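Content type PDB, C-alpha atoms, from the file target13.pdb:
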```pdb
ATOM      1  CA  MET A 247     116.776  98.240 146.963
ATOM      2  CA  SER A 248     116.593 101.826 145.679
ATOM      3  CA  ASN A 249     115.985 105.028 147.619
ATOM      4  CA  LEU A 250     112.608 105.332 145.892
ATOM      5  CA  GLN A 251     111.592 101.840 147.038
ATOM      6  CA  GLU A 252     112.553 102.696 150.617
ATOM      7  CA  THR A 253     110.790 106.057 150.541
ATOM      8  CA  ILE A 254     107.520 104.627 149.264
ATOM      9  CA  ALA A 255     107.731 101.706 151.710
ATOM     10  CA  LYS A 256     108.110 104.131 154.624
ATOM     11  CA  ASP A 257     105.282 106.270 153.262
ATOM     12  CA  LEU A 258     102.860 103.355 152.975
ATOM     13  CA  LEU A 259     103.716 102.099 156.449
ATOM     14  CA  SER A 260     103.377 105.559 158.005
ATOM     15  CA  ILE A 261      99.751 105.939 156.875
ATOM     16  CA  ARG A 262      98.929 102.246 157.401
ATOM     17  CA  ALA A 263      98.223 101.768 153.702
ATOM     18  CA  VAL A 264     100.225  98.590 154.182
ATOM     19  CA  PHE A 265      99.697  97.137 157.630
ATOM     20  CA  PHE A 266     101.369  93.976 158.958
ATOM     21  CA  ARG A 267      99.687  91.805 161.569
ATOM     22  CA  PRO A 268     101.491  88.440 161.600
ATOM     23  CA  GLU A 269     100.089  87.473 165.011
ATOM     24  CA  GLU A 270      96.471  88.106 163.980
ATOM     25  CA  PRO A 271      96.229  87.311 160.254
ATOM     26  CA  PHE A 272      93.607  88.856 158.017
ATOM     27  CA  THR A 273      91.405  86.546 155.944
ATOM     28  CA  TRP A 274      91.190  87.226 152.214
ATOM     29  CA  ALA A 275      87.995  86.631 150.240
ATOM     30  CA  SER A 276      89.626  83.449 148.941
ATOM     31  CA  GLY A 277      89.947  82.184 152.517
ATOM     32  CA  ILE A 278      93.725  82.541 152.584
ATOM     33  CA  LYS A 279      95.147  83.827 155.875
ATOM     34  CA  SER A 280      97.379  86.845 155.297
ATOM     35  CA  PRO A 281      99.729  88.755 157.628
ATOM     36  CA  VAL A 282      99.327  91.911 155.555
ATOM     37  CA  TYR A 283      96.517  94.334 154.794
ATOM     38  CA  CYS A 284      96.967  96.705 151.858
ATOM     39  CA  ASP A 285      94.810  99.717 150.979
ATOM     40  CA  ASN A 286      96.704 102.114 148.732
ATOM     41  CA  ARG A 287      93.592 104.287 148.407
ATOM     42  CA  LEU A 288      94.741 105.843 151.670
ATOM     43  CA  THR A 289      97.567 107.531 149.748
ATOM     44  CA  LEU A 290      94.982 109.800 148.158
ATOM     45  CA  THR A 291      94.073 111.339 151.512
ATOM     46  CA  ALA A 292      97.693 111.896 152.570
ATOM     47  CA  PRO A 293      99.000 114.764 150.376
ATOM     48  CA  ALA A 294     102.721 114.323 151.105
ATOM     49  CA  VAL A 295     102.579 110.577 150.453
ATOM     50  CA  ARG A 296     100.386 111.139 147.408
ATOM     51  CA  THR A 297     103.010 113.479 145.967
ATOM     52  CA  ASP A 298     105.762 110.899 146.481
ATOM     53  CA  VAL A 299     103.626 108.229 144.826
ATOM     54  CA  GLU A 300     102.541 110.209 141.768
ATOM     55  CA  GLU A 301     105.969 111.745 141.147
ATOM     56  CA  GLY A 302     107.449 108.276 141.620
ATOM     57  CA  LEU A 303     105.076 106.751 139.078
ATOM     58  CA  ALA A 304     105.961 109.491 136.603
ATOM     59  CA  GLU A 305     109.656 108.783 137.195
ATOM     60  CA  LEU A 306     109.167 105.055 136.562
ATOM     61  CA  ILE A 307     107.238 105.694 133.359
ATOM     62  CA  ARG A 308     109.855 108.102 131.998
ATOM     63  CA  ALA A 309     112.639 105.634 132.809
ATOM     64  CA  ASN A 310     110.967 102.409 131.668
ATOM     65  CA  TYR A 311     108.415 103.469 129.067
ATOM     66  CA  PRO A 312     109.760 106.671 127.474
ATOM     67  CA  ASP A 313     107.521 106.197 124.414
ATOM     68  CA  ALA A 314     104.282 106.172 126.425
ATOM     69  CA  GLU A 315     101.471 108.111 124.749
ATOM     70  CA  VAL A 316      98.494 107.308 127.005
ATOM     71  CA  LEU A 317      98.052 106.188 130.614
ATOM     72  CA  MET A 318      95.184 103.840 131.410
ATOM     73  CA  GLY A 319      94.095 103.252 134.996
ATOM     74  CA  THR A 320      92.570 100.069 136.333
ATOM     75  CA  SER A 321      89.075 100.378 137.762
ATOM     76  CA  THR A 322      88.712 101.634 140.346
ATOM     77  CA  ALA A 323      91.903 101.850 142.363
ATOM     78  CA  GLY A 324      94.191 102.898 139.512
ATOM     79  CA  ILE A 325      92.011 105.675 138.114
ATOM     80  CA  ALA A 326      93.079 108.519 140.408
ATOM     81  CA  HIS A 327      96.757 107.584 140.180
ATOM     82  CA  ALA A 328      96.587 107.438 136.387
ATOM     83  CA  ALA A 329      94.877 110.836 136.275
ATOM     84  CA  ILE A 330      97.336 112.603 138.566
ATOM     85  CA  THR A 331     100.399 111.026 136.975
ATOM     86  CA  ALA A 332      99.133 111.806 133.477
ATOM     87  CA  HIS A 333      98.626 115.421 134.553
ATOM     88  CA  LEU A 334     102.209 115.615 135.821
ATOM     89  CA  MET A 335     103.488 114.187 132.537
ATOM     90  CA  GLY A 336     101.192 116.116 130.219
ATOM     91  CA  LEU A 337      99.722 112.882 128.834
ATOM     92  CA  PRO A 338      96.141 111.840 128.078
ATOM     93  CA  MET A 339      94.564 109.216 130.308
ATOM     94  CA  GLY A 340      91.571 106.978 130.562
ATOM     95  CA  TYR A 341      90.561 103.865 132.426
ATOM     96  CA  VAL A 342      89.263 100.374 131.834
ATOM     97  CA  ARG A 343      86.080  99.184 133.503
ATOM     98  CA  SER A 344      85.814  95.686 134.955
ATOM     99  CA  GLY A 345      83.049  95.110 132.400
ATOM    100  CA  ALA A 346      81.277  96.994 129.632
ATOM    101  CA  LYS A 347      78.482  99.373 130.646
ATOM    102  CA  ASP A 348      74.969  98.075 130.084
ATOM    103  CA  HIS A 349      73.732 101.445 128.842
ATOM    104  CA  GLY A 350      74.764 104.401 126.687
ATOM    105  CA  ARG A 351      77.668 103.536 124.407
ATOM    106  CA  GLN A 352      78.411 100.389 126.452
ATOM    107  CA  ASN A 353      82.051 101.348 126.798
ATOM    108  CA  GLN A 354      84.552  99.284 128.719
ATOM    109  CA  ILE A 355      87.426 101.624 127.893
ATOM    110  CA  GLU A 356      86.719 105.195 129.013
ATOM    111  CA  GLY A 357      88.628 108.000 127.330
ATOM    112  CA  ARG A 358      89.887 108.313 123.768
ATOM    113  CA  LEU A 359      92.152 105.491 122.606
ATOM    114  CA  GLU A 360      93.389 105.116 119.052
ATOM    115  CA  ALA A 361      94.557 101.804 117.612
ATOM    116  CA  GLY A 362      98.332 101.554 117.785
ATOM    117  CA  GLN A 363      98.772 104.046 120.624
ATOM    118  CA  LYS A 364     101.452 103.147 123.143
ATOM    119  CA  VAL A 365      99.795 102.613 126.527
ATOM    120  CA  VAL A 366     101.035 102.162 130.082
ATOM    121  CA  VAL A 367      98.596 100.647 132.571
ATOM    122  CA  VAL A 368      98.547 102.204 136.056
ATOM    123  CA  GLU A 369      97.647  99.848 138.919
ATOM    124  CA  ASP A 370      97.720 100.293 142.696
ATOM    125  CA  LEU A 371      98.890  96.810 143.688
ATOM    126  CA  ILE A 372      99.627  93.444 142.114
ATOM    127  CA  SER A 373      99.188  90.105 143.852
ATOM    128  CA  THR A 374      98.266  87.226 141.531
ATOM    129  CA  GLY A 375      98.087  89.536 138.499
ATOM    130  CA  GLY A 376      94.690  88.368 137.283
ATOM    131  CA  SER A 377      92.783  91.652 137.321
ATOM    132  CA  VAL A 378      95.492  93.793 135.740
ATOM    133  CA  LEU A 379      96.028  91.260 132.958
ATOM    134  CA  GLU A 380      92.309  91.437 132.153
ATOM    135  CA  VAL A 381      92.823  95.175 131.624
ATOM    136  CA  VAL A 382      95.857  94.542 129.422
ATOM    137  CA  ASN A 383      93.853  92.072 127.311
ATOM    138  CA  VAL A 384      90.975  94.539 126.841
ATOM    139  CA  LEU A 385      93.408  97.212 125.681
ATOM    140  CA  ARG A 386      95.207  94.845 123.327
ATOM    141  CA  GLU A 387      91.896  93.739 121.815
ATOM    142  CA  ALA A 388      91.134  97.406 121.199
ATOM    143  CA  GLY A 389      94.368  97.700 119.212
ATOM    144  CA  ALA A 390      96.553  99.394 121.821
ATOM    145  CA  ASP A 391     100.272  98.728 122.024
ATOM    146  CA  VAL A 392     100.569  98.004 125.757
ATOM    147  CA  LEU A 393     104.128  98.826 126.790
ATOM    148  CA  GLY A 394     103.651  97.525 130.314
ATOM    149  CA  ILE A 395     102.386  98.275 133.804
ATOM    150  CA  VAL A 396     103.419 100.612 136.607
ATOM    151  CA  SER A 397     102.138  99.914 140.096
ATOM    152  CA  ILE A 398     102.568 101.264 143.599
ATOM    153  CA  PHE A 399     103.166  97.929 145.304
ATOM    154  CA  THR A 400     103.709  94.312 144.299
ATOM    155  CA  TYR A 401     103.692  91.200 146.444
ATOM    156  CA  GLY A 402     106.052  89.430 144.042
ATOM    157  CA  MET A 403     103.992  86.256 144.328
ATOM    158  CA  LYS A 404     105.081  83.378 142.108
ATOM    159  CA  LYS A 405     101.650  83.062 140.500
ATOM    160  CA  GLY A 406     101.600  86.750 139.612
ATOM    161  CA  LEU A 407     105.126  86.708 138.187
ATOM    162  CA  GLU A 408     104.350  83.637 136.092
ATOM    163  CA  ARG A 409     101.128  85.131 134.744
ATOM    164  CA  LEU A 410     102.839  88.359 133.726
ATOM    165  CA  ALA A 411     105.651  86.435 132.038
ATOM    166  CA  GLU A 412     103.220  84.196 130.144
ATOM    167  CA  ALA A 413     101.344  87.264 128.887
ATOM    168  CA  ASP A 414     104.641  88.977 127.977
ATOM    169  CA  VAL A 415     103.799  91.975 130.165
ATOM    170  CA  LYS A 416     106.371  94.000 132.071
ATOM    171  CA  ASN A 417     105.549  95.468 135.479
ATOM    172  CA  VAL A 418     107.582  98.042 137.378
ATOM    173  CA  SER A 419     106.562  98.854 140.954
ATOM    174  CA  LEU A 420     107.446 101.716 143.273
ATOM    175  CA  THR A 421     108.079  99.254 146.084
ATOM    176  CA  ASP A 422     107.606  95.585 146.899
ATOM    177  CA  PHE A 423     106.710  93.182 149.675
ATOM    178  CA  ASP A 424     110.304  92.409 150.661
ATOM    179  CA  THR A 425     111.258  96.083 150.939
ATOM    180  CA  ILE A 426     108.211  96.944 153.024
ATOM    181  CA  ALA A 427     108.828  93.968 155.329
ATOM    182  CA  GLU A 428     112.420  95.107 155.904
ATOM    183  CA  GLU A 429     111.365  98.704 156.550
ATOM    184  CA  ALA A 430     108.582  97.535 158.874
ATOM    185  CA  ALA A 431     111.175  95.714 160.977
ATOM    186  CA  LYS A 432     113.520  98.722 160.990
ATOM    187  CA  GLU A 433     110.726 101.067 162.045
ATOM    188  CA  GLY A 434     109.433  98.735 164.780
ATOM    189  CA  TYR A 435     106.104  97.833 163.176
ATOM    190  CA  ILE A 436     107.086  94.151 163.349
ATOM    191  CA  ARG A 437     109.882  92.136 164.956
ATOM    192  CA  PRO A 438     112.976  91.383 162.840
ATOM    193  CA  GLU A 439     112.290  87.677 163.273
ATOM    194  CA  ASP A 440     108.879  88.144 161.645
ATOM    195  CA  ILE A 441     110.473  88.885 158.253
ATOM    196  CA  ALA A 442     111.087  85.188 157.528
ATOM    197  CA  ARG A 443     107.441  84.424 158.311
ATOM    198  CA  LEU A 444     106.240  87.173 155.998
ATOM    199  CA  ILE A 445     108.457  85.978 153.164
ATOM    200  CA  ALA A 446     107.223  82.404 153.730
ATOM    201  CA  PHE A 447     103.662  83.674 153.253
ATOM    202  CA  ARG A 448     104.641  85.589 150.115
ATOM    203  CA  ASN A 449     106.363  82.546 148.622
ATOM    204  CA  ASN A 450     103.409  80.217 149.236
ATOM    205  CA  PRO A 451     100.189  81.908 150.458
ATOM    206  CA  SER A 452      98.325  78.598 150.688
ATOM    207  CA  ASP A 453     100.839  77.194 153.218
ATOM    208  CA  GLU A 454      99.853  78.477 156.659
ATOM    209  CA  SER A 455     102.869  77.059 158.505
ATOM    210  CA  TRP A 456     104.153  80.595 159.095
ATOM    211  CA  ILE A 457     101.229  81.301 161.451
ATOM    212  CA  GLY A 458     101.942  81.033 165.167
ATOM    213  CA  GLY A 459     105.635  81.755 164.952
ATOM    214  CA  ALA A 460     106.653  79.043 162.475
ATOM    215  CA  LYS A 461     109.709  79.966 160.449
TER     216      LYS A 461
END
```
What does the file become when written as structure tokens?
Amino acid sequence: MSNLQETIAKDLLSIRAVFFRPEEPFTWASGIKSPVYCDNRLTLTAPAVRTDVEEGLAELIRANYPDAEVLMGTSTAGIAHAAITAHLMGLPMGYVRSGAKDHGRQNQIEGRLEAGQKVVVVEDLISTGGSVLEVVNVLREAGADVLGIVSIFTYGMKKGLERLAEADVKNVSLTDFDTIAEEAAKEGYIRPEDIARLIAFRNNPSDESWIGGAK
């Protein structure tokens, strides 16, 4: 666990961008019961946290993708982070729509992108990896050399890790589920004994045995 991971974890918890509620699980659209709620859009309305996030993303890109030529945000959550980080780095940016427009030039990729350009995708969070890999595929089809992904937060779910590996896509996140769970316990947001339940959820979201105090 790095200092950056800890800092971002504390930041996200402090503004309730990541909020744990193991005793009263949230229900995802898929029907899965989850002990965590994540809304990294809240970082945009918290200037100090926003600064940590964008400077952190720039740091990750410089360290892991030094040849990056263009940043591409995912629509819609990654757009603002891609724009701010690109500004800090002096790089061009654009974003990828979830589908092509039905009017005008019918673009799916917004912003100038030349074939062969080295691209880093900016995402806010990764769970199963499906949506961000759709973005990667669109960029690859357009001729981009996708170096990888940077994201604010990752669950580290098995399905997501397997999908990224199968697509040969690297992801580097500012912080992760395990780090935030540990920091949440340290800061008193959850009980230390809840960590095992949270990790059980992360390891197998479809198994609800962690609910109600199960370890």
Requested in this report: Identify all residues satisfying the PyMOL selection byres ((chain A and resi 296) around 10) in the given file; provide them as a PyMOL selection string.
Outcome: chain A and resi 254+257-258+286-295+297-302+327+330
Report task. Pull out every residue that the PyMOL selection byres ((chain A and resi 439) around 12) matches in the shown coordinates and put them as a list in words. Result -> Pro268, Ala427, Glu428, Ala430, Ala431, Lys432, Gly434, Tyr435, Ile436, Arg437, Pro438, Asp440, Ile441, Ala442, Arg443, Leu444, Ile445, Trp456, Gly459, Ala460 and Lys461 of chain A
Query raised in the report: Mind telling me what the PyMOL selection byres ((chain A and resi 382) around 10) catches here, as an NGL selection string?
Result: :A and (318 or 320 or 342 or 365-367 or 377-381 or 383-388 or 390-395 or 413 or 415)
Requested in this report: Grab the atom CA of Ile426 of chain A to atom CA of His333 of chain A distance for me, in Å with one decimal place.
Outcome: 27.8 Å
**Report entry** Near-segment 274-283 of chain A list (8 Å; all atoms listed in the file; drop same-chain fewer than 5 positions) as a PyMOL selection string
**Finding:** chain A and resi 263-269+444+447+451-452+454
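Between Glu360 of chain A and the candidates A:Gly389, A:Ile261, A:Gly336, A:Asn449, the tightest atom-to-atom separation, counting only C-alpha atoms, involves A:Gly389.
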Query raised in the report: From the set A:Leu250, A:Leu317, A:Ile398, A:Ala304, which residue has the shortest atom-to-atom contact distance to Arg358 of chain A, counting all atoms listed in the file?
Result: A:Leu317
Missing atoms in segment 299-329 of chain A need filling: write out N, CA and C atoms for it as an mmCIF file, in the coordinates of the input.
```cif
data_model
loop_
_atom_site.group_PDB
_atom_site.id
_atom_site.type_symbol
_atom_site.label_atom_id
_atom_site.label_comp_id
_atom_site.auth_asym_id
_atom_site.auth_seq_id
_atom_site.Cartn_x
_atom_site.Cartn_y
_atom_site.Cartn_z
ATOM 1 N N VAL A 299 104.124 109.318 145.666
ATOM 2 C CA VAL A 299 103.626 108.229 144.826
ATOM 3 C C VAL A 299 103.490 108.678 143.370
ATOM 4 N N GLU A 300 102.804 109.789 143.146
ATOM 5 C CA GLU A 300 102.541 110.209 141.768
ATOM 6 C C GLU A 300 103.820 110.650 141.055
ATOM 7 N N GLU A 301 104.697 111.355 141.761
ATOM 8 C CA GLU A 301 105.969 111.745 141.147
ATOM 9 C C GLU A 301 106.827 110.509 140.906
ATOM 10 N N GLY A 302 106.716 109.529 141.810
ATOM 11 C CA GLY A 302 107.449 108.276 141.620
ATOM 12 C C GLY A 302 106.946 107.505 140.418
ATOM 13 N N LEU A 303 105.638 107.437 140.235
ATOM 14 C CA LEU A 303 105.076 106.751 139.078
ATOM 15 C C LEU A 303 105.525 107.431 137.777
ATOM 16 N N ALA A 304 105.507 108.757 137.789
ATOM 17 C CA ALA A 304 105.961 109.491 136.603
ATOM 18 C C ALA A 304 107.426 109.184 136.311
ATOM 19 N N GLU A 305 108.232 109.103 137.353
ATOM 20 C CA GLU A 305 109.656 108.783 137.195
ATOM 21 C C GLU A 305 109.836 107.389 136.593
ATOM 22 N N LEU A 306 109.064 106.417 137.088
ATOM 23 C CA LEU A 306 109.167 105.055 136.562
ATOM 24 C C LEU A 306 108.756 104.988 135.096
ATOM 25 N N ILE A 307 107.710 105.710 134.746
ATOM 26 C CA ILE A 307 107.238 105.694 133.359
ATOM 27 C C ILE A 307 108.281 106.315 132.436
ATOM 28 N N ARG A 308 108.836 107.458 132.837
ATOM 29 C CA ARG A 308 109.855 108.102 131.998
ATOM 30 C C ARG A 308 111.070 107.197 131.806
ATOM 31 N N ALA A 309 111.446 106.471 132.864
ATOM 32 C CA ALA A 309 112.639 105.634 132.809
ATOM 33 C C ALA A 309 112.406 104.326 132.055
ATOM 34 N N ASN A 310 111.218 103.740 132.211
ATOM 35 C CA ASN A 310 110.967 102.409 131.668
ATOM 36 C C ASN A 310 110.113 102.393 130.409
ATOM 37 N N TYR A 311 109.294 103.417 130.231
ATOM 38 C CA TYR A 311 108.415 103.469 129.067
ATOM 39 C C TYR A 311 108.455 104.873 128.456
ATOM 40 N N PRO A 312 109.616 105.289 127.970
ATOM 41 C CA PRO A 312 109.760 106.671 127.474
ATOM 42 C C PRO A 312 108.869 106.994 126.279
ATOM 43 N N ASP A 313 108.361 105.957 125.588
ATOM 44 C CA ASP A 313 107.521 106.197 124.414
ATOM 45 C C ASP A 313 106.029 106.238 124.748
ATOM 46 N N ALA A 314 105.689 106.204 126.024
ATOM 47 C CA ALA A 314 104.282 106.172 126.425
ATOM 48 C C ALA A 314 103.513 107.359 125.857
ATOM 49 N N GLU A 315 102.332 107.067 125.313
ATOM 50 C CA GLU A 315 101.471 108.111 124.749
ATOM 51 C C GLU A 315 100.183 108.304 125.542
ATOM 52 N N VAL A 316 99.741 107.260 126.235
ATOM 53 C CA VAL A 316 98.494 107.308 127.005
ATOM 54 C C VAL A 316 98.665 106.477 128.275
ATOM 55 N N LEU A 317 98.103 106.975 129.387
ATOM 56 C CA LEU A 317 98.052 106.188 130.614
ATOM 57 C C LEU A 317 96.626 105.692 130.805
ATOM 58 N N MET A 318 96.500 104.421 131.173
ATOM 59 C CA MET A 318 95.184 103.840 131.410
ATOM 60 C C MET A 318 95.132 103.249 132.813
ATOM 61 N N GLY A 319 94.231 103.744 133.637
ATOM 62 C CA GLY A 319 94.095 103.252 134.996
ATOM 63 C C GLY A 319 93.208 102.028 135.066
ATOM 64 N N THR A 320 93.453 101.193 136.067
ATOM 65 C CA THR A 320 92.570 100.069 136.333
ATOM 66 C C THR A 320 91.409 100.572 137.195
ATOM 67 N N SER A 321 90.262 99.967 137.011
ATOM 68 C CA SER A 321 89.075 100.378 137.762
ATOM 69 C C SER A 321 88.931 99.516 139.028
ATOM 70 N N THR A 322 88.792 100.181 140.197
ATOM 71 C CA THR A 322 88.712 101.634 140.346
ATOM 72 C C THR A 322 89.987 102.214 140.952
ATOM 73 N N ALA A 323 90.786 101.357 141.556
ATOM 74 C CA ALA A 323 91.903 101.850 142.363
ATOM 75 C C ALA A 323 92.968 102.594 141.567
ATOM 76 N N GLY A 324 93.126 102.260 140.288
ATOM 77 C CA GLY A 324 94.191 102.898 139.512
ATOM 78 C C GLY A 324 93.785 104.191 138.841
ATOM 79 N N ILE A 325 92.487 104.523 138.881
ATOM 80 C CA ILE A 325 92.011 105.675 138.114
ATOM 81 C C ILE A 325 92.629 106.984 138.594
ATOM 82 N N ALA A 326 92.556 107.248 139.891
ATOM 83 C CA ALA A 326 93.079 108.519 140.408
ATOM 84 C C ALA A 326 94.574 108.635 140.173
ATOM 85 N N HIS A 327 95.306 107.537 140.369
ATOM 86 C CA HIS A 327 96.757 107.584 140.180
ATOM 87 C C HIS A 327 97.113 107.812 138.714
ATOM 88 N N ALA A 328 96.354 107.210 137.813
ATOM 89 C CA ALA A 328 96.587 107.438 136.387
ATOM 90 C C ALA A 328 96.312 108.890 136.024
ATOM 91 N N ALA A 329 95.247 109.454 136.590
ATOM 92 C CA ALA A 329 94.877 110.836 136.275
ATOM 93 C C ALA A 329 95.931 111.822 136.760
#
```
